[in-house]
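Content type PDB, C-alpha atoms, from the file my_file_12.pdb:
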ATOM      1  CA  MET A   1       4.032  63.392  69.836  1.00  0.00           C
ATOM      2  CA  GLY A   2       3.103  60.341  67.750  1.00  0.00           C
ATOM      3  CA  LEU A   3       5.194  57.315  66.799  1.00  0.00           C
ATOM      4  CA  GLU A   4       7.329  59.199  64.270  1.00  0.00           C
ATOM      5  CA  GLY A   5       7.957  62.024  66.737  1.00  0.00           C
ATOM      6  CA  MET A   6       8.960  59.532  69.444  1.00  0.00           C
ATOM      7  CA  ILE A   7      11.369  57.743  67.085  1.00  0.00           C
ATOM      8  CA  GLU A   8      12.899  61.036  65.925  1.00  0.00           C
ATOM      9  CA  PHE A   9      13.324  62.274  69.512  1.00  0.00           C
ATOM     10  CA  MET A  10      14.983  59.038  70.657  1.00  0.00           C
ATOM     11  CA  MET A  11      17.302  59.021  67.639  1.00  0.00           C
ATOM     12  CA  ASP A  12      18.357  62.617  68.346  1.00  0.00           C
ATOM     13  CA  GLU A  13      19.092  61.654  71.947  1.00  0.00           C
ATOM     14  CA  ALA A  14      21.040  58.572  70.857  1.00  0.00           C
ATOM     15  CA  ARG A  15      23.127  60.671  68.461  1.00  0.00           C
ATOM     16  CA  LYS A  16      23.952  63.131  71.266  1.00  0.00           C
ATOM     17  CA  ALA A  17      25.031  60.261  73.526  1.00  0.00           C
ATOM     18  CA  ARG A  18      27.602  58.954  71.022  1.00  0.00           C
ATOM     19  CA  THR A  19      31.204  60.053  71.514  1.00  0.00           C
ATOM     20  CA  THR A  20      34.329  59.666  69.426  1.00  0.00           C
ATOM     21  CA  ASP A  21      35.904  57.517  72.120  1.00  0.00           C
ATOM     22  CA  HIS A  22      33.075  54.991  71.949  1.00  0.00           C
ATOM     23  CA  PRO A  23      33.850  52.253  74.496  1.00  0.00           C
ATOM     24  CA  ALA A  24      34.743  48.858  73.140  1.00  0.00           C
ATOM     25  CA  ALA A  25      31.723  46.616  73.126  1.00  0.00           C
ATOM     26  CA  PHE A  26      31.623  43.917  75.747  1.00  0.00           C
ATOM     27  CA  PRO A  27      31.693  40.453  74.272  1.00  0.00           C
ATOM     28  CA  LEU A  28      28.092  39.264  74.362  1.00  0.00           C
ATOM     29  CA  LEU A  29      28.771  36.351  76.687  1.00  0.00           C
ATOM     30  CA  GLU A  30      30.533  38.644  79.164  1.00  0.00           C
ATOM     31  CA  LEU A  31      27.665  41.125  79.014  1.00  0.00           C
ATOM     32  CA  SER A  32      25.156  38.364  79.759  1.00  0.00           C
ATOM     33  CA  ARG A  33      27.283  37.132  82.674  1.00  0.00           C
ATOM     34  CA  GLN A  34      27.533  40.645  84.143  1.00  0.00           C
ATOM     35  CA  ILE A  35      23.759  41.040  84.042  1.00  0.00           C
ATOM     36  CA  SER A  36      23.226  37.566  85.534  1.00  0.00           C
ATOM     37  CA  LEU A  37      25.565  38.470  88.402  1.00  0.00           C
ATOM     38  CA  LEU A  38      23.545  41.627  89.009  1.00  0.00           C
ATOM     39  CA  GLU A  39      20.322  39.649  89.062  1.00  0.00           C
ATOM     40  CA  GLU A  40      21.849  37.298  91.622  1.00  0.00           C
ATOM     41  CA  GLY A  41      22.683  40.197  93.923  1.00  0.00           C
ATOM     42  CA  ASN A  42      26.316  40.991  93.042  1.00  0.00           C
ATOM     43  CA  ASP A  43      26.319  44.773  93.044  1.00  0.00           C
ATOM     44  CA  SER A  44      30.065  45.387  92.691  1.00  0.00           C
ATOM     45  CA  MET A  45      29.927  46.964  89.266  1.00  0.00           C
ATOM     46  CA  PRO A  46      32.379  49.425  87.722  1.00  0.00           C
ATOM     47  CA  GLU A  47      31.472  53.104  87.790  1.00  0.00           C
ATOM     48  CA  LEU A  48      29.444  54.307  84.818  1.00  0.00           C
ATOM     49  CA  HIS A  49      31.155  56.849  82.566  1.00  0.00           C
ATOM     50  CA  ARG A  50      28.632  56.871  79.737  1.00  0.00           C
ATOM     51  CA  LYS A  51      24.907  57.475  79.549  1.00  0.00           C
ATOM     52  CA  CYS A  52      22.463  56.773  76.746  1.00  0.00           C
ATOM     53  CA  PRO A  53      18.730  57.476  76.526  1.00  0.00           C
ATOM     54  CA  VAL A  54      16.202  54.996  77.886  1.00  0.00           C
ATOM     55  CA  LEU A  55      12.719  54.639  76.410  1.00  0.00           C
ATOM     56  CA  GLY A  56      10.238  53.021  78.779  1.00  0.00           C
ATOM     57  CA  ILE A  57       7.297  51.158  77.263  1.00  0.00           C
ATOM     58  CA  THR A  58       4.480  50.230  79.607  1.00  0.00           C
ATOM     59  CA  GLY A  59       0.759  49.494  79.565  1.00  0.00           C
ATOM     60  CA  PRO A  60      -1.746  46.788  80.417  1.00  0.00           C
ATOM     61  CA  GLY A  61      -1.136  43.178  79.460  1.00  0.00           C
ATOM     62  CA  GLY A  62      -2.154  42.405  75.895  1.00  0.00           C
ATOM     63  CA  SER A  63      -2.021  46.022  74.704  1.00  0.00           C
ATOM     64  CA  GLY A  64       0.805  45.398  72.224  1.00  0.00           C
ATOM     65  CA  LYS A  65       3.934  46.453  74.131  1.00  0.00           C
ATOM     66  CA  SER A  66       6.077  43.619  72.759  1.00  0.00           C
ATOM     67  CA  SER A  67       4.841  44.099  69.207  1.00  0.00           C
ATOM     68  CA  LEU A  68       5.548  47.837  69.392  1.00  0.00           C
ATOM     69  CA  THR A  69       8.990  47.190  70.905  1.00  0.00           C
ATOM     70  CA  ASP A  70       9.798  44.847  68.038  1.00  0.00           C
ATOM     71  CA  GLU A  71       8.580  47.281  65.384  1.00  0.00           C
ATOM     72  CA  LEU A  72      10.499  50.196  66.928  1.00  0.00           C
ATOM     73  CA  SER A  73      13.635  48.045  67.140  1.00  0.00           C
ATOM     74  CA  LEU A  74      13.352  46.932  63.516  1.00  0.00           C
ATOM     75  CA  ARG A  75      12.849  50.461  62.216  1.00  0.00           C
ATOM     76  CA  LEU A  76      15.535  52.070  64.373  1.00  0.00           C
ATOM     77  CA  LEU A  77      18.158  49.494  63.440  1.00  0.00           C
ATOM     78  CA  ASP A  78      17.174  49.366  59.775  1.00  0.00           C
ATOM     79  CA  GLN A  79      17.325  53.143  59.334  1.00  0.00           C
ATOM     80  CA  ASN A  80      20.401  53.733  61.519  1.00  0.00           C
ATOM     81  CA  PRO A  81      23.126  51.217  60.637  1.00  0.00           C
ATOM     82  CA  ASP A  82      25.624  52.670  63.110  1.00  0.00           C
ATOM     83  CA  ILE A  83      23.647  52.263  66.350  1.00  0.00           C
ATOM     84  CA  LYS A  84      23.440  49.463  68.895  1.00  0.00           C
ATOM     85  CA  LEU A  85      20.175  48.860  70.719  1.00  0.00           C
ATOM     86  CA  ALA A  86      19.446  46.995  73.943  1.00  0.00           C
ATOM     87  CA  VAL A  87      16.002  45.812  75.048  1.00  0.00           C
ATOM     88  CA  ILE A  88      15.202  44.841  78.637  1.00  0.00           C
ATOM     89  CA  ALA A  89      11.867  43.012  78.797  1.00  0.00           C
ATOM     90  CA  VAL A  90      10.475  42.470  82.292  1.00  0.00           C
ATOM     91  CA  ASP A  91       7.954  39.671  82.769  1.00  0.00           C
ATOM     92  CA  PRO A  92       5.973  38.907  85.925  1.00  0.00           C
ATOM     93  CA  THR A  93       6.785  35.856  88.007  1.00  0.00           C
ATOM     94  CA  ARG A  94       3.826  33.544  88.556  1.00  0.00           C
ATOM     95  CA  LYS A  95       2.806  33.289  92.187  1.00  0.00           C
ATOM     96  CA  LYS A  96       1.747  29.661  91.922  1.00  0.00           C
ATOM     97  CA  THR A  97       4.864  28.235  90.246  1.00  0.00           C
ATOM     98  CA  GLY A  98       7.499  30.883  90.957  1.00  0.00           C
ATOM     99  CA  GLY A  99       8.461  30.807  87.270  1.00  0.00           C
ATOM    100  CA  ALA A 100       8.097  33.350  84.495  1.00  0.00           C
ATOM    101  CA  LEU A 101       7.116  32.796  80.880  1.00  0.00           C
ATOM    102  CA  LEU A 102       9.607  35.368  79.508  1.00  0.00           C
ATOM    103  CA  GLY A 103       7.455  35.301  76.399  1.00  0.00           C
ATOM    104  CA  ASP A 104       8.421  38.682  74.953  1.00  0.00           C
ATOM    105  CA  ARG A 105      10.976  36.946  72.729  1.00  0.00           C
ATOM    106  CA  ILE A 106       8.144  35.281  70.811  1.00  0.00           C
ATOM    107  CA  ARG A 107       7.220  38.618  69.221  1.00  0.00           C
ATOM    108  CA  MET A 108      10.780  39.897  68.690  1.00  0.00           C
ATOM    109  CA  ASN A 109      11.626  39.308  65.021  1.00  0.00           C
ATOM    110  CA  SER A 110      14.290  42.019  65.178  1.00  0.00           C
ATOM    111  CA  ILE A 111      16.553  39.731  67.246  1.00  0.00           C
ATOM    112  CA  THR A 112      17.302  37.574  64.227  1.00  0.00           C
ATOM    113  CA  SER A 113      17.337  40.506  61.798  1.00  0.00           C
ATOM    114  CA  PHE A 114      20.090  42.418  63.635  1.00  0.00           C
ATOM    115  CA  PRO A 115      21.832  39.976  65.997  1.00  0.00           C
ATOM    116  CA  GLU A 116      25.100  41.928  66.054  1.00  0.00           C
ATOM    117  CA  ARG A 117      23.444  45.251  66.979  1.00  0.00           C
ATOM    118  CA  LEU A 118      20.506  44.222  69.172  1.00  0.00           C
ATOM    119  CA  TYR A 119      20.904  42.809  72.657  1.00  0.00           C
ATOM    120  CA  PHE A 120      17.690  41.425  74.142  1.00  0.00           C
ATOM    121  CA  ARG A 121      17.436  40.463  77.807  1.00  0.00           C
ATOM    122  CA  SER A 122      14.335  39.030  79.469  1.00  0.00           C
ATOM    123  CA  ILE A 123      14.191  39.325  83.232  1.00  0.00           C
ATOM    124  CA  ALA A 124      11.612  38.046  85.685  1.00  0.00           C
ATOM    125  CA  THR A 125      10.211  40.148  88.507  1.00  0.00           C
ATOM    126  CA  ARG A 126      11.005  37.242  90.871  1.00  0.00           C
ATOM    127  CA  GLY A 127       8.404  38.544  93.268  1.00  0.00           C
ATOM    128  CA  ASP A 128      10.644  41.520  94.094  1.00  0.00           C
ATOM    129  CA  GLN A 129       9.159  44.512  95.821  1.00  0.00           C
ATOM    130  CA  PRO A 130       8.926  47.493  93.428  1.00  0.00           C
ATOM    131  CA  GLU A 131      11.986  49.247  94.912  1.00  0.00           C
ATOM    132  CA  ALA A 132      14.180  46.138  94.682  1.00  0.00           C
ATOM    133  CA  LEU A 133      13.113  45.510  91.080  1.00  0.00           C
ATOM    134  CA  LYS A 134      13.739  49.147  90.206  1.00  0.00           C
ATOM    135  CA  GLU A 135      17.289  48.982  91.617  1.00  0.00           C
ATOM    136  CA  ARG A 136      17.976  45.751  89.719  1.00  0.00           C
ATOM    137  CA  ILE A 137      16.806  47.328  86.462  1.00  0.00           C
ATOM    138  CA  LYS A 138      18.916  50.453  87.084  1.00  0.00           C
ATOM    139  CA  SER A 139      21.991  48.271  87.555  1.00  0.00           C
ATOM    140  CA  ILE A 140      21.297  46.367  84.332  1.00  0.00           C
ATOM    141  CA  GLN A 141      20.818  49.656  82.483  1.00  0.00           C
ATOM    142  CA  SER A 142      24.200  50.851  83.783  1.00  0.00           C
ATOM    143  CA  VAL A 143      25.955  47.741  82.473  1.00  0.00           C
ATOM    144  CA  LEU A 144      24.305  48.161  79.070  1.00  0.00           C
ATOM    145  CA  GLN A 145      25.260  51.835  78.913  1.00  0.00           C
ATOM    146  CA  GLN A 146      28.839  51.037  79.803  1.00  0.00           C
ATOM    147  CA  ALA A 147      28.873  48.319  77.136  1.00  0.00           C
ATOM    148  CA  GLY A 148      28.344  50.981  74.495  1.00  0.00           C
ATOM    149  CA  TYR A 149      24.663  50.719  73.601  1.00  0.00           C
ATOM    150  CA  ASP A 150      23.192  53.863  72.063  1.00  0.00           C
ATOM    151  CA  LEU A 151      19.593  53.356  73.168  1.00  0.00           C
ATOM    152  CA  ILE A 152      17.887  51.132  75.732  1.00  0.00           C
ATOM    153  CA  ILE A 153      14.232  50.160  75.483  1.00  0.00           C
ATOM    154  CA  LEU A 154      12.730  49.024  78.777  1.00  0.00           C
ATOM    155  CA  GLU A 155       9.496  47.070  78.413  1.00  0.00           C
ATOM    156  CA  THR A 156       7.539  46.473  81.608  1.00  0.00           C
ATOM    157  CA  PRO A 157       5.074  43.698  82.404  1.00  0.00           C
ATOM    158  CA  GLY A 158       1.389  44.591  82.187  1.00  0.00           C
ATOM    159  CA  THR A 159       0.682  47.446  84.566  1.00  0.00           C
ATOM    160  CA  GLY A 160      -2.147  48.944  86.492  1.00  0.00           C
ATOM    161  CA  GLN A 161      -2.636  52.488  87.721  1.00  0.00           C
ATOM    162  CA  GLU A 162      -0.542  51.807  90.805  1.00  0.00           C
ATOM    163  CA  ASP A 163       2.697  51.301  88.859  1.00  0.00           C
ATOM    164  CA  SER A 164       4.355  54.460  87.562  1.00  0.00           C
ATOM    165  CA  SER A 165       7.986  53.536  88.323  1.00  0.00           C
ATOM    166  CA  ILE A 166       8.694  53.403  84.572  1.00  0.00           C
ATOM    167  CA  THR A 167       8.860  57.206  84.642  1.00  0.00           C
ATOM    168  CA  GLU A 168      11.747  56.984  87.128  1.00  0.00           C
ATOM    169  CA  LEU A 169      13.651  54.403  85.061  1.00  0.00           C
ATOM    170  CA  SER A 170      13.423  56.043  81.647  1.00  0.00           C
ATOM    171  CA  ASP A 171      14.090  59.362  79.987  1.00  0.00           C
ATOM    172  CA  ARG A 172      10.844  59.077  78.035  1.00  0.00           C
ATOM    173  CA  SER A 173       7.841  56.887  78.748  1.00  0.00           C
ATOM    174  CA  LEU A 174       5.402  55.483  76.252  1.00  0.00           C
ATOM    175  CA  TYR A 175       2.094  54.132  77.528  1.00  0.00           C
ATOM    176  CA  VAL A 176       0.582  51.557  75.149  1.00  0.00           C
ATOM    177  CA  MET A 177      -3.132  50.961  75.473  1.00  0.00           C
ATOM    178  CA  THR A 178      -6.065  49.421  73.715  1.00  0.00           C
ATOM    179  CA  SER A 179      -8.842  51.614  72.327  1.00  0.00           C
ATOM    180  CA  GLU A 180     -11.056  50.896  75.340  1.00  0.00           C
ATOM    181  CA  TYR A 181      -8.657  52.287  77.970  1.00  0.00           C
ATOM    182  CA  GLY A 182     -11.211  54.778  79.292  1.00  0.00           C
ATOM    183  CA  ALA A 183     -11.171  58.524  79.684  1.00  0.00           C
ATOM    184  CA  PRO A 184      -7.975  60.552  79.056  1.00  0.00           C
ATOM    185  CA  SER A 185      -7.920  61.406  82.772  1.00  0.00           C
ATOM    186  CA  GLN A 186      -6.932  57.778  83.453  1.00  0.00           C
ATOM    187  CA  LEU A 187      -3.430  58.586  82.153  1.00  0.00           C
ATOM    188  CA  GLU A 188      -3.095  61.370  84.726  1.00  0.00           C
ATOM    189  CA  LYS A 189      -3.636  58.837  87.519  1.00  0.00           C
ATOM    190  CA  ILE A 190      -0.536  56.909  86.473  1.00  0.00           C
ATOM    191  CA  ALA A 191       1.654  59.987  85.877  1.00  0.00           C
ATOM    192  CA  MET A 192       1.798  59.485  82.103  1.00  0.00           C
TER     193      MET A 192
END

Any chance you could give the structure as structure tokens?
Amino acid sequence: MGLEGMIEFMMDEARKARTTDHPAAFPLLELSRQISLLEEGNDSMPELHRKCPVLGITGPGGSGKSSLTDELSLRLLDQNPDIKLAVIAVDPTRKKTGGALLGDRIRMNSITSFPERLYFRSIATRGDQPEALKERIKSIQSVLQQAGYDLIILETPGTGQEDSSITELSDRSLYVMTSEYGAPSQLEKIAM
């Protein structure tokens, strides 16, 4: 499909998701509080009445996921002045310290270029089991959809062949890899 094809597809999906009765945007502070409550285990969220497309970006650590997310965000927002974009960047929690670097922001220049139309949220895996993390991400996506975002980009931490849950959390998945990823059959093993 290529990068241009992926961008065009996601923009078509975002345009379809827009309605004339576009919900009022949550104030940013309230949106952040809602997501923090979800991360802390408060699952009493209002029912979702709106859905927007989700693009999942995954791949091994160091393959360029954050750089690609930033470039996609910059281009989408620059070429489509009427859309709002949300990025959820998931970073692994370190076993030794229990903390997470949440370093995806370092590569995100688009945050300062479009602060009123781009919401960026870093979340840590917190050592969650895959199912618990998946449910937490789904809840965050629901809040962002209800808040009126037109497209959500979900960036996962570095993955191995055992992690294909991105396909369950997104409408389209993009696997980013380095040139030495191996044979094309490797992608089949991870359902990409």

Task: Residue with smallest distance to Ser73 in chain A - pool A:Leu169, A:Leu37, A:Leu29, A:Ile7, counting only C-alpha atoms - done: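 Closest candidate: A:Ile7.
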
Could you spell out the hits of the PyMOL selection byres ((chain A and resi 80) around 12) on the shown file, as a PDB file with C-alpha atoms, in the frame of the given file?
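Written file, out09.pdb:
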ATOM      1  CA  ILE A   7      11.369  57.743  67.085  1.00  0.00           C
ATOM      2  CA  GLU A   8      12.899  61.036  65.925  1.00  0.00           C
ATOM      3  CA  MET A  10      14.983  59.038  70.657  1.00  0.00           C
ATOM      4  CA  MET A  11      17.302  59.021  67.639  1.00  0.00           C
ATOM      5  CA  ASP A  12      18.357  62.617  68.346  1.00  0.00           C
ATOM      6  CA  ALA A  14      21.040  58.572  70.857  1.00  0.00           C
ATOM      7  CA  ARG A  15      23.127  60.671  68.461  1.00  0.00           C
ATOM      8  CA  LEU A  72      10.499  50.196  66.928  1.00  0.00           C
ATOM      9  CA  SER A  73      13.635  48.045  67.140  1.00  0.00           C
ATOM     10  CA  LEU A  74      13.352  46.932  63.516  1.00  0.00           C
ATOM     11  CA  ARG A  75      12.849  50.461  62.216  1.00  0.00           C
ATOM     12  CA  LEU A  76      15.535  52.070  64.373  1.00  0.00           C
ATOM     13  CA  LEU A  77      18.158  49.494  63.440  1.00  0.00           C
ATOM     14  CA  ASP A  78      17.174  49.366  59.775  1.00  0.00           C
ATOM     15  CA  GLN A  79      17.325  53.143  59.334  1.00  0.00           C
ATOM     16  CA  PRO A  81      23.126  51.217  60.637  1.00  0.00           C
ATOM     17  CA  ASP A  82      25.624  52.670  63.110  1.00  0.00           C
ATOM     18  CA  ILE A  83      23.647  52.263  66.350  1.00  0.00           C
ATOM     19  CA  LYS A  84      23.440  49.463  68.895  1.00  0.00           C
ATOM     20  CA  LEU A  85      20.175  48.860  70.719  1.00  0.00           C
ATOM     21  CA  PHE A 114      20.090  42.418  63.635  1.00  0.00           C
ATOM     22  CA  ARG A 117      23.444  45.251  66.979  1.00  0.00           C
ATOM     23  CA  ASP A 150      23.192  53.863  72.063  1.00  0.00           C
ATOM     24  CA  LEU A 151      19.593  53.356  73.168  1.00  0.00           C
TER      25      LEU A 151
END

- [ ] Return the single residue from A:Glu180, A:Glu155, A:Asp171, A:Glu135 that is closest to Leu38 in chain A, with distances computed using only C-alpha atoms.
- [x] A:Glu135

- [ ] Run the PyMOL selection byres ((chain A and resi 123) around 10) mentally over the shown coordinates, then write out the matched residues as a ChimeraX atom specification, using the chain letters and numbers from the document.
- [x] /A:35-36,39,88-93,100-102,120-122,124-126,136-137,156

Open item on the list: Using only C-alpha atoms, can you tell me which of A:Pro157, A:Pro27, A:Pro115, A:Gly41 comes closest to Ile57 in chain A?
Closed with: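 Ranking A:Pro157, A:Pro27, A:Pro115, A:Gly41 by distance to Ile57 in chain A, first place goes to A:Pro157.
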
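Across A:Met6, A:Thr69, A:Gln129, A:Gly158, the tightest approach to Ala86 in chain A is made by A:Thr69 when counting only C-alpha atoms.
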
TODO: Using CA of Gln141 in chain A and CA of Cys52 in chain A as the two end points, give the distance in Å to one decimal.
DONE: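 Those two atoms sit 9.3 Å apart.
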
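Going from CA of Tyr175 in chain A to CA of Gly59 in chain A covers 5.2 Å.
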
Open item on the list: Quick check, in Å to one decimal: how far apart do CA of Gly5 in chain A and CA of Lys134 in chain A lie?
Closed with: 27.4 Å
